[in-house]
>>> print(open('entry_3.txt').read())   # compact mmCIF, C-alpha atoms and all ligand atoms
# COMPACT_ATOMS: atom_id res chain seq x y z
CA MET A 1 -16.12 -39.62 -19.25
CA CYS A 2 -18.62 -39.36 -16.41
CA HIS A 3 -21.61 -40.15 -18.60
CA GLY A 4 -22.26 -41.73 -21.95
CA GLY A 5 -23.23 -39.45 -24.83
CA GLY A 6 -26.82 -40.57 -25.51
CA SER A 7 -28.76 -39.12 -28.40
CA PRO A 8 -28.65 -35.40 -29.04
CA PHE A 9 -31.43 -33.51 -27.34
CA ALA A 10 -33.43 -30.61 -28.48
CA LEU A 11 -32.86 -27.37 -30.22
CA GLU A 12 -30.19 -24.94 -29.28
CA PRO A 13 -31.11 -21.96 -27.08
CA ASP A 14 -32.13 -18.88 -28.99
CA LEU A 15 -29.30 -16.38 -29.07
CA GLY A 16 -31.35 -13.54 -30.49
CA PRO A 17 -31.22 -11.97 -33.95
CA ALA A 18 -28.33 -13.35 -36.02
CA PRO A 19 -26.18 -10.20 -36.32
CA ALA A 20 -26.53 -9.58 -32.58
CA TYR A 21 -23.99 -12.32 -31.98
CA ARG A 22 -20.71 -12.45 -33.87
CA LEU A 23 -17.72 -14.77 -33.86
CA PHE A 24 -14.61 -13.92 -31.89
CA ASP A 25 -11.23 -15.69 -32.16
CA VAL A 26 -9.94 -16.01 -28.62
CA ARG A 27 -7.03 -17.54 -26.72
CA VAL A 28 -6.56 -18.78 -23.18
CA ARG A 29 -4.89 -16.17 -20.99
CA GLN A 30 -5.10 -17.99 -17.68
CA LYS A 31 -6.77 -20.85 -15.87
CA VAL A 32 -7.56 -20.81 -12.16
CA ALA A 33 -9.38 -23.36 -9.98
CA LEU A 34 -12.13 -21.53 -8.04
CA SER A 35 -13.06 -24.75 -6.23
CA PRO A 36 -12.34 -28.47 -6.74
CA SER A 37 -15.00 -28.56 -9.52
CA LEU A 38 -15.03 -25.03 -10.93
CA LEU A 39 -12.35 -23.83 -13.34
CA ARG A 40 -12.17 -20.18 -14.37
CA ILE A 41 -10.69 -19.68 -17.81
CA THR A 42 -9.84 -16.16 -18.87
CA PHE A 43 -9.81 -15.63 -22.62
CA HIS A 44 -8.34 -12.75 -24.57
CA GLY A 45 -8.59 -11.68 -28.18
CA GLU A 46 -7.95 -8.69 -30.39
CA GLU A 47 -11.62 -7.94 -30.88
CA VAL A 48 -12.91 -8.75 -27.40
CA SER A 49 -13.06 -5.01 -26.69
CA ARG A 50 -16.10 -4.92 -29.01
CA MET A 51 -17.92 -7.71 -27.16
CA ARG A 52 -20.93 -6.77 -25.03
CA LEU A 53 -22.82 -8.03 -22.00
CA ASP A 54 -26.52 -7.16 -22.00
CA GLY A 55 -27.66 -9.26 -19.03
CA ALA A 56 -26.09 -10.74 -15.91
CA ASP A 57 -26.70 -14.31 -17.14
CA GLN A 58 -25.56 -13.56 -20.71
CA ARG A 59 -24.94 -16.76 -22.61
CA ILE A 60 -22.31 -17.34 -25.25
CA ARG A 61 -21.64 -20.25 -27.52
CA ILE A 62 -18.16 -21.74 -27.44
CA PHE A 63 -16.80 -23.80 -30.34
CA PHE A 64 -14.34 -26.48 -29.25
CA PRO A 65 -11.73 -28.53 -31.14
CA ASP A 66 -13.14 -31.44 -33.14
CA ALA A 67 -12.50 -35.13 -32.47
CA PHE A 68 -9.14 -34.83 -34.32
CA GLY A 69 -8.04 -31.96 -32.08
CA ARG A 70 -8.37 -29.37 -34.86
CA ALA A 71 -9.12 -25.90 -33.51
CA PRO A 72 -12.42 -24.34 -34.71
CA ALA A 73 -11.95 -22.11 -37.77
CA LEU A 74 -15.39 -20.92 -38.80
CA PRO A 75 -15.40 -17.99 -41.24
CA HIS A 76 -16.26 -14.55 -39.86
CA VAL A 77 -19.58 -14.16 -41.66
CA THR A 78 -22.93 -12.93 -40.36
CA ASP A 79 -24.55 -16.33 -40.71
CA TRP A 80 -21.87 -18.27 -38.86
CA LEU A 81 -24.50 -20.57 -37.35
CA GLN A 82 -25.76 -21.66 -40.77
CA VAL A 83 -22.16 -22.23 -41.91
CA TRP A 84 -21.67 -24.45 -38.87
CA ARG A 85 -24.91 -26.33 -39.57
CA ASP A 86 -23.97 -26.89 -43.21
CA LEU A 87 -20.65 -28.55 -42.36
CA PRO A 88 -20.51 -32.35 -42.51
CA ALA A 89 -20.77 -33.77 -38.97
CA SER A 90 -17.13 -34.91 -39.02
CA GLU A 91 -15.93 -31.34 -39.67
CA ARG A 92 -18.30 -29.49 -37.38
CA PRO A 93 -16.61 -28.21 -34.22
CA PRO A 94 -18.67 -29.17 -31.17
CA GLN A 95 -20.34 -26.18 -29.56
CA ARG A 96 -21.77 -25.73 -26.08
CA THR A 97 -23.44 -22.86 -24.27
CA PHE A 98 -21.78 -21.11 -21.31
CA THR A 99 -22.28 -18.00 -19.23
CA LEU A 100 -20.19 -14.94 -19.97
CA ARG A 101 -19.15 -14.66 -16.35
CA ALA A 102 -17.31 -11.35 -16.60
CA LEU A 103 -16.23 -9.07 -19.43
CA ARG A 104 -13.36 -6.57 -19.16
CA ARG A 105 -13.49 -4.76 -22.46
CA GLU A 106 -10.57 -2.43 -21.77
CA ALA A 107 -8.30 -5.40 -21.13
CA GLY A 108 -9.79 -7.29 -24.08
CA GLU A 109 -10.58 -10.28 -21.89
CA PHE A 110 -13.46 -12.24 -20.40
CA ASP A 111 -14.02 -15.12 -17.98
CA VAL A 112 -15.96 -18.35 -18.31
CA ASP A 113 -16.37 -20.62 -15.28
CA PHE A 114 -16.52 -24.30 -16.25
CA PHE A 115 -18.08 -26.85 -13.91
CA ALA A 116 -15.61 -29.59 -14.76
CA PRO A 117 -15.30 -32.18 -11.98
CA CYS A 118 -14.60 -34.74 -14.71
CA GLU A 119 -14.72 -35.01 -18.50
CA PHE A 120 -18.41 -35.03 -19.41
CA GLY A 121 -17.95 -34.23 -23.11
CA PRO A 122 -15.93 -31.98 -25.44
CA ALA A 123 -16.39 -28.80 -23.37
CA THR A 124 -15.33 -30.13 -19.99
CA THR A 125 -12.59 -32.27 -21.52
CA TRP A 126 -11.17 -29.19 -23.24
CA ALA A 127 -11.46 -27.02 -20.11
CA ARG A 128 -9.57 -29.52 -17.95
CA LEU A 129 -6.72 -29.85 -20.45
CA ALA A 130 -6.61 -26.29 -21.81
CA ALA A 131 -3.19 -24.69 -21.97
CA ARG A 132 -2.19 -21.03 -22.20
CA GLU A 133 -2.65 -19.45 -25.63
CA GLU A 134 -4.76 -22.31 -26.91
CA GLY A 135 -7.27 -20.92 -29.41
CA LEU A 136 -11.05 -21.28 -29.67
CA GLN A 137 -13.97 -19.48 -31.26
CA VAL A 138 -16.81 -17.91 -29.36
CA ALA A 139 -20.14 -16.48 -30.54
CA ALA A 140 -20.93 -13.55 -28.25
CA PRO A 141 -22.93 -10.30 -28.32
CA ASP A 142 -21.57 -7.73 -30.72
CA GLY A 143 -21.09 -4.31 -29.14
CA ALA A 144 -21.88 -2.73 -32.51
CA PHE A 145 -25.37 -4.24 -32.56
CA ASP A 146 -28.15 -1.68 -32.22
CA GLY A 147 -30.57 -2.94 -29.55
CA ASP A 148 -30.68 -5.72 -26.99
CA CYS A 149 -28.62 -8.69 -28.19
CA GLN A 150 -30.91 -11.02 -26.18
CA GLY A 151 -29.35 -14.28 -24.97
CA HIS A 152 -30.06 -13.54 -21.30
CA GLU A 153 -32.97 -14.58 -19.07
CA TRP A 154 -32.43 -12.70 -15.80
CA ARG A 155 -35.17 -10.08 -16.12
CA PRO A 156 -36.45 -9.21 -12.64
CA PRO A 157 -39.10 -6.51 -12.16
CA ALA A 158 -37.79 -2.94 -12.12
CA THR A 159 -38.31 -2.81 -8.35
CA PRO A 160 -38.29 -6.42 -7.15
CA GLU A 161 -39.67 -6.95 -3.66
CA ARG A 162 -38.10 -10.35 -3.13
CA LEU A 163 -35.94 -12.73 -5.22
CA LEU A 164 -35.40 -16.50 -5.35
CA LEU A 165 -32.56 -18.21 -7.23
CA VAL A 166 -32.28 -22.00 -7.52
CA ALA A 167 -29.25 -23.46 -9.32
CA ASP A 168 -26.92 -26.37 -9.75
CA GLN A 169 -23.20 -25.91 -10.32
CA THR A 170 -23.50 -25.27 -14.06
CA ALA A 171 -25.67 -22.27 -13.18
CA LEU A 172 -23.49 -21.11 -10.28
CA PRO A 173 -21.47 -18.79 -12.58
CA ALA A 174 -24.73 -17.10 -13.62
CA VAL A 175 -25.87 -16.87 -9.98
CA ALA A 176 -22.57 -15.24 -8.99
CA ALA A 177 -22.86 -12.73 -11.84
CA ILE A 178 -26.49 -11.96 -10.96
CA LEU A 179 -25.66 -11.34 -7.28
CA GLU A 180 -22.72 -9.11 -8.24
CA ASP A 181 -25.00 -7.18 -10.58
CA LEU A 182 -27.61 -6.70 -7.85
CA ALA A 183 -24.99 -5.58 -5.33
CA ALA A 184 -23.48 -3.15 -7.84
CA GLN A 185 -26.78 -1.57 -8.80
CA GLN A 186 -28.35 -0.93 -5.42
CA ASP A 187 -27.08 0.04 -1.99
CA LEU A 188 -29.43 -2.49 -0.47
CA PRO A 189 -30.70 -5.09 -2.94
CA PRO A 190 -34.02 -6.80 -2.12
CA PRO A 191 -34.29 -9.80 0.21
CA THR A 192 -32.91 -12.73 -1.80
CA GLU A 193 -32.90 -16.46 -1.14
CA VAL A 194 -30.41 -18.59 -3.11
CA PHE A 195 -30.20 -22.39 -3.21
CA VAL A 196 -27.14 -23.95 -4.86
CA GLU A 197 -26.63 -27.71 -5.10
CA MET A 198 -23.07 -29.06 -5.12
CA ALA A 199 -21.42 -32.45 -4.94
CA ASP A 200 -19.54 -31.37 -1.85
CA MET A 201 -19.29 -28.38 0.52
CA SER A 202 -15.69 -27.78 -0.64
CA ASP A 203 -17.21 -26.43 -3.88
CA ARG A 204 -18.58 -23.28 -2.25
CA ILE A 205 -17.23 -20.08 -3.75
CA ASP A 206 -17.16 -16.46 -2.58
CA LEU A 207 -20.36 -14.58 -3.34
CA PRO A 208 -21.42 -11.02 -2.55
CA ALA A 209 -23.20 -10.48 0.77
CA TRP A 210 -25.88 -8.05 1.96
CA CYS A 211 -28.35 -7.91 4.77
CA GLY A 212 -31.29 -9.90 3.44
CA LEU A 213 -29.25 -12.22 1.18
CA ARG A 214 -29.47 -15.85 2.30
CA VAL A 215 -27.34 -18.37 0.39
CA ILE A 216 -28.09 -22.01 1.15
CA TRP A 217 -25.41 -24.42 -0.08
CA LEU A 218 -26.78 -27.92 -0.52
CA ALA A 219 -24.25 -30.77 -0.61
CA ARG A 220 -25.48 -33.77 -2.57
CA LYS A 221 -23.44 -36.23 -0.53
CA GLY A 222 -24.10 -39.03 -3.01
CA ALA A 223 -27.79 -38.23 -3.60
CA PRO A 224 -28.89 -38.12 -7.25
CA CYS A 225 -28.47 -34.80 -9.05
CA GLY A 226 -31.22 -32.31 -8.23
CA VAL A 227 -32.80 -34.09 -5.26
CA ARG A 228 -31.67 -31.40 -2.81
CA LEU A 229 -32.91 -28.61 -5.07
CA ILE A 230 -36.34 -30.22 -5.43
CA GLU A 231 -36.53 -30.53 -1.62
CA ALA A 232 -35.58 -26.85 -1.39
CA ALA A 233 -38.42 -25.88 -3.73
CA HIS A 234 -40.85 -27.16 -1.09
CA ARG A 235 -39.45 -24.85 1.57
CA ALA A 236 -38.35 -21.77 -0.41
CA GLU A 237 -40.00 -18.58 0.88
CA LEU A 238 -42.78 -17.48 -1.46
CA PRO A 239 -44.67 -14.32 -0.49
CA PRO A 240 -48.46 -14.86 -0.42
CA SER A 241 -48.85 -11.94 -2.86
CA ALA A 242 -47.00 -14.00 -5.52
CA CYS A 243 -49.20 -17.07 -5.08
CA GLY A 244 -52.70 -18.02 -6.13
CA ALA A 245 -54.50 -21.22 -7.00
CA PRO A 246 -52.07 -24.00 -7.98
CA GLU A 247 -51.92 -24.23 -11.77
CA PRO A 248 -51.33 -27.51 -13.62
CA MET A 249 -48.23 -27.24 -15.84
CA PRO A 250 -48.39 -28.46 -19.44
CA ASP A 251 -46.16 -31.51 -19.63
CA ILE A 252 -43.09 -31.10 -21.78
CA ASP A 253 -40.64 -33.79 -22.82
CA ALA A 254 -37.37 -32.61 -21.26
CA ASP A 255 -35.51 -35.04 -23.57
CA ALA A 256 -37.01 -33.63 -26.74
CA THR A 257 -37.24 -29.92 -26.13
CA LEU A 258 -35.40 -27.30 -24.14
CA LEU A 259 -37.11 -26.13 -20.98
CA TRP A 260 -37.12 -22.38 -21.43
CA ASP A 261 -39.83 -20.50 -19.49
CA ARG A 262 -39.64 -16.71 -19.29
CA ALA A 263 -41.35 -14.63 -16.60
CA SER A 264 -43.64 -11.87 -17.87
CA PRO A 265 -42.21 -8.34 -17.63
CA ARG A 266 -43.50 -6.66 -14.46
CA GLU A 267 -42.83 -3.44 -12.59
CA ALA A 268 -42.61 -4.88 -9.09
CA GLY A 269 -43.14 -7.98 -7.00
CA PHE A 270 -41.53 -11.37 -6.44
CA TYR A 271 -39.28 -12.97 -9.06
CA ALA A 272 -37.81 -16.48 -9.19
CA TRP A 273 -34.99 -17.70 -11.48
CA ILE A 274 -34.16 -21.42 -11.77
CA ALA A 275 -31.48 -23.07 -13.88
CA GLY A 276 -29.84 -26.48 -13.99
CA GLU A 277 -30.53 -29.99 -15.24
CA ALA A 278 -33.66 -29.82 -17.41
CA GLY A 279 -35.61 -32.61 -15.69
CA VAL A 280 -34.83 -31.15 -12.26
CA VAL A 281 -35.83 -27.64 -13.36
CA LYS A 282 -39.08 -29.07 -14.73
CA GLU A 283 -39.86 -30.72 -11.37
CA ILE A 284 -38.99 -27.57 -9.38
CA ARG A 285 -41.28 -25.57 -11.66
CA ARG A 286 -44.05 -28.10 -11.00
CA VAL A 287 -43.57 -27.89 -7.24
CA LEU A 288 -43.57 -24.08 -7.23
CA VAL A 289 -46.46 -23.54 -9.65
CA SER A 290 -48.65 -26.65 -9.43
CA GLU A 291 -48.23 -27.44 -5.73
CA ARG A 292 -47.45 -24.09 -4.11
CA GLY A 293 -49.41 -21.81 -6.45
CA LEU A 294 -46.57 -19.50 -7.56
CA GLN A 295 -47.75 -17.32 -10.45
CA ARG A 296 -46.03 -18.42 -13.66
CA ALA A 297 -45.58 -14.76 -14.59
CA ALA A 298 -43.04 -14.49 -11.75
CA LEU A 299 -40.90 -17.46 -12.81
CA THR A 300 -38.00 -17.90 -15.23
CA ALA A 301 -36.97 -21.56 -15.57
CA THR A 302 -34.15 -22.71 -17.83
CA GLY A 303 -32.77 -26.18 -18.57
CA TYR A 304 -28.98 -25.77 -18.83
CA TRP A 305 -28.20 -29.41 -19.62
CA ARG A 306 -29.93 -32.78 -19.77
CA LEU A 307 -28.74 -35.87 -17.99
CA GLY A 308 -27.66 -38.52 -20.50
CA ARG A 309 -27.99 -36.24 -23.52
CA THR A 310 -25.75 -33.96 -25.57
CA PRO A 311 -27.30 -30.62 -26.37
CA PHE A 312 -27.36 -30.02 -30.10
CA ASP A 313 -29.32 -31.56 -32.90
CA ASP A 314 -27.14 -33.10 -35.50
CA PRO A 315 -28.62 -32.05 -38.86
CA ASP A 316 -27.03 -35.01 -40.71
C1 LIG B 1 -27.67 -20.81 -20.95
C2 LIG B 1 -26.65 -21.81 -20.45
C3 LIG B 1 -25.58 -21.37 -19.68
C4 LIG B 1 -24.64 -22.28 -19.19
N1 LIG B 1 -23.59 -21.82 -18.45
C5 LIG B 1 -22.66 -22.69 -17.99
C6 LIG B 1 -21.52 -22.22 -17.26
O1 LIG B 1 -21.28 -21.02 -17.11
N2 LIG B 1 -20.66 -23.16 -16.76
C7 LIG B 1 -20.86 -24.51 -16.95
O2 LIG B 1 -20.05 -25.32 -16.47
N3 LIG B 1 -21.91 -24.97 -17.66
C8 LIG B 1 -22.79 -24.10 -18.20
N4 LIG B 1 -23.85 -24.56 -18.94
C9 LIG B 1 -24.02 -26.03 -19.09
C10 LIG B 1 -23.11 -26.64 -20.15
O3 LIG B 1 -23.43 -26.10 -21.43
C11 LIG B 1 -23.34 -28.17 -20.15
O4 LIG B 1 -23.03 -28.73 -18.91
C12 LIG B 1 -22.62 -28.89 -21.27
O5 LIG B 1 -23.37 -30.04 -21.56
C13 LIG B 1 -21.23 -29.39 -20.95
O6 LIG B 1 -20.67 -29.85 -22.20
P1 LIG B 1 -19.74 -31.12 -22.34
O7 LIG B 1 -19.25 -31.09 -23.76
O8 LIG B 1 -18.73 -31.19 -21.26
O9 LIG B 1 -20.71 -32.36 -22.14
P2 LIG B 1 -21.81 -32.91 -23.19
O10 LIG B 1 -21.13 -33.49 -24.39
O11 LIG B 1 -22.78 -31.82 -23.45
O12 LIG B 1 -22.50 -34.04 -22.37
C14 LIG B 1 -21.91 -35.36 -22.26
C15 LIG B 1 -22.62 -36.11 -21.17
O13 LIG B 1 -22.33 -35.48 -19.92
C16 LIG B 1 -23.55 -35.16 -19.25
N5 LIG B 1 -23.37 -33.86 -18.57
C17 LIG B 1 -23.22 -32.63 -19.13
N6 LIG B 1 -23.12 -31.68 -18.17
C18 LIG B 1 -23.23 -32.35 -16.98
C19 LIG B 1 -23.21 -31.95 -15.62
N7 LIG B 1 -23.06 -30.68 -15.26
N8 LIG B 1 -23.34 -32.91 -14.65
C20 LIG B 1 -23.50 -34.21 -14.97
N9 LIG B 1 -23.53 -34.66 -16.26
C21 LIG B 1 -23.38 -33.73 -17.23
C22 LIG B 1 -24.61 -35.07 -20.33
O14 LIG B 1 -25.87 -35.36 -19.79
C23 LIG B 1 -24.15 -36.12 -21.31
O15 LIG B 1 -24.61 -37.39 -20.93
C24 LIG B 1 -24.78 -23.67 -19.47
C25 LIG B 1 -25.83 -24.10 -20.30
C26 LIG B 1 -26.76 -23.18 -20.78
C27 LIG B 1 -27.88 -23.67 -21.68
>>> encode(input="entry_3.txt", output="structure tokens", more="lines below")
Ligand SMILES: Cc1cc2nc3c(=O)[nH]c(=O)nc-3n(C[C@H](O)[C@H](O)[C@H](O)COP(=O)(O)OP(=O)(O)OC[C@H]3O[C@@H](n4cnc5c(N)ncnc54)[C@H](O)[C@@H]3O)c2cc1C
Amino acid sequence: MCHGGGSPFALEPDLGPAPAYRLFDVRVRQKVALSPSLLRITFHGEEVSRMRLDGADQRIRIFFPDAFGRAPALPHVTDWLQVWRDLPASERPPQRTFTLRALRREAGEFDVDFFAPCEFGPATTWARLAAREEGLQVAAPDGAFDGDCQGHEWRPPATPERLLLVADQTALPAVAAILEDLAAQQDLPPPTEVFVEMADMSDRIDLPAWCGLRVIWLARKGAPCGVRLIEAAHRAELPPSACGAPEPMPDIDADATLLWDRASPREAGFYAWIAGEAGVVKEIRRVLVSERGLQRAALTATGYWRLGRTPFDDPD
């Protein structure tokens, strides 16, 4: 393991109304290394054709084998989350949140990109060892649900004037999906600045390109996680129209609660999206809002993981 477990941190991210997400039994179709640290696993399943993707950074919950190697076998009921919570800790399959990187309904398959440079915990350990046709369970948006399934945070204005994305490698799959979505929807997407922090330059992956898209890859080169992203927050381009008087941010305990800040819905203007280690995201938010005066209404900031902590409360 790269890190010790630590105590569980915080609540799980809100996945929207219960029936919006349903359980899918899935199997590994293929595994491809996109870079030295990023593994793409393609899953397939009989019912994947009824899965849905409502937002570019759509999150899903993956249930992994337990400590005895038993595959997850939760019943297909509406309240699958409560069933999971009610299980004794020893029988509860570990679950972690990932981005639904791509969904191909016709082929009944979808991709998840795992940042797995080593075995952090059950998710990365599983991803590194996963073999073809190995089975898992996934909670994902149900195509039959009437309305927005929620579980996605990328909500730029209808006509964004400029975009900023700041991410570490766990959020790189979401960044790639967001950029693909922008490129697919408009002939010329708005000017966009993207900062991605990686351990090493060899971890760069192919991303869409357009005139006005600037992707800045930041190699950590041994620096602590997030340092390069916090530096970038000081120099990211913020249009004066998106800034006002610096606003003090209410302090939150990144160890005790998830950092989950949503921008206000707006028709136009600047929009910033940040995701990564919760303490780093909190500091970037402070730099942008409390030092540089970015309006909070223009900022979505999400803690994807917390250094030294595992993500789910253990109810026992
Ligand atoms: C909305 C959302 C979307 C996400 N999308 C993706 C995605 O598409 N791809 C992806 O790879 N991850 C994604 N993540 C992050 C992923 O859920 C976490 O990295 C998860 O903790 C990994 O689980 P694990 O079982 O391997 O490690 P855990 O058991 O959760 O953690 C064990 C230890 O490893 C440490 N650790 C966990 N992740 C990292 C890391 N990246 N770097 C250093 N130390 C770490 C923890 O702090 C802890 O000390 C997403 C998270 C959220 C909330």
>>> residues_near_ligand(input="entry_3.txt", ligand="ligand LIG 1 (chain B)", cutoff="7 Å", atoms="all atoms listed in the file", output="ChimeraX atom specification")
/A:2-6,13,59,96-101,112-116,119-125,169-171,173-174,303-311
>>> closest_residue(input="entry_3.txt", among="A:Ala20, A:Leu87, A:Leu136, A:Met51", to="A:Arg104", atoms="all atoms listed in the file")
A:Met51
>>> atom_distance(input="entry_3.txt", atom1="atom CA of A:Leu182", atom2="atom CA of A:Gly108")
24.1 Å
>>> residues_around(input="entry_3.txt", residues="stretch 280-294 of chain A", least_positions_apart="4", cutoff="9 Å", atoms="only C-alpha atoms", output="PyMOL selection string")
chain A and resi 166-167+225-227+229-234+236+238-240+242-249+251-252+254+259+274-276+298-299+301-304
>>> atom_distance(input="entry_3.txt", atom1="atom CA of A:Leu34", atom2="atom CA of A:Ser49")
24.9 Å
>>> closest_residue(input="entry_3.txt", among="A:Arg266, A:Arg220, A:Arg52, A:Arg29", to="A:Ala297", atoms="all atoms listed in the file")
A:Arg266
>>> closest_residue(input="entry_3.txt", among="A:Ala139, A:Ala278, A:Ile41, A:Ala176", to="A:Leu258", atoms="all atoms listed in the file")
A:Ala278
>>> closest_residue(input="entry_3.txt", among="A:Leu165, A:Val48, A:Val175, A:Ala73", to="A:Glu91", atoms="all atoms listed in the file")
A:Ala73
>>> atom_distance(input="entry_3.txt", atom1="atom CA of A:Arg85", atom2="atom CA of A:Phe145")
23.2 Å
>>> closest_residue(input="entry_3.txt", among="A:Leu81, A:Ile178, A:Ala158, A:Val196", to="A:Pro19", atoms="only C-alpha atoms")
A:Leu81
>>> residues_around(input="entry_3.txt", residues="A:Asp146", least_positions_apart="3", cutoff="12 Å", atoms="only C-alpha atoms", output="PyMOL selection string")
chain A and resi 17+19-21+52+54+141-143+149-150
>>> residues_near_point(input="entry_3.txt", point="(-8.5, -17.6, -21.5)", cutoff="12 Å", atoms="all atoms listed in the file", output="ChimeraX atom specification")
/A:25-32,39-45,48,102-103,108-114,127,130-138
>>> residues_around(input="entry_3.txt", residues="A:Pro93", least_positions_apart="3", cutoff="8 Å", atoms="all atoms listed in the file", output="list of chain:residue names")
A:Phe63, A:Phe64, A:Pro65, A:Asp66, A:Ala71, A:Pro72, A:Trp84
>>> write_last_selection(input="entry_3.txt", atoms="C-alpha atoms", output="PDB file, in the coordinates of the input")
ATOM      1  CA  PHE A  63     -16.800 -23.800 -30.340  1.00  0.00           C
ATOM      2  CA  PHE A  64     -14.340 -26.480 -29.250  1.00  0.00           C
ATOM      3  CA  PRO A  65     -11.730 -28.530 -31.140  1.00  0.00           C
ATOM      4  CA  ASP A  66     -13.140 -31.440 -33.140  1.00  0.00           C
ATOM      5  CA  ALA A  71      -9.120 -25.900 -33.510  1.00  0.00           C
ATOM      6  CA  PRO A  72     -12.420 -24.340 -34.710  1.00  0.00           C
ATOM      7  CA  TRP A  84     -21.670 -24.450 -38.870  1.00  0.00           C
TER       8      TRP A  84
END
>>> closest_residue(input="entry_3.txt", among="A:Arg162, A:Lys221, A:Arg262, A:Arg92", to="A:Ser241", atoms="all atoms listed in the file")
A:Arg162
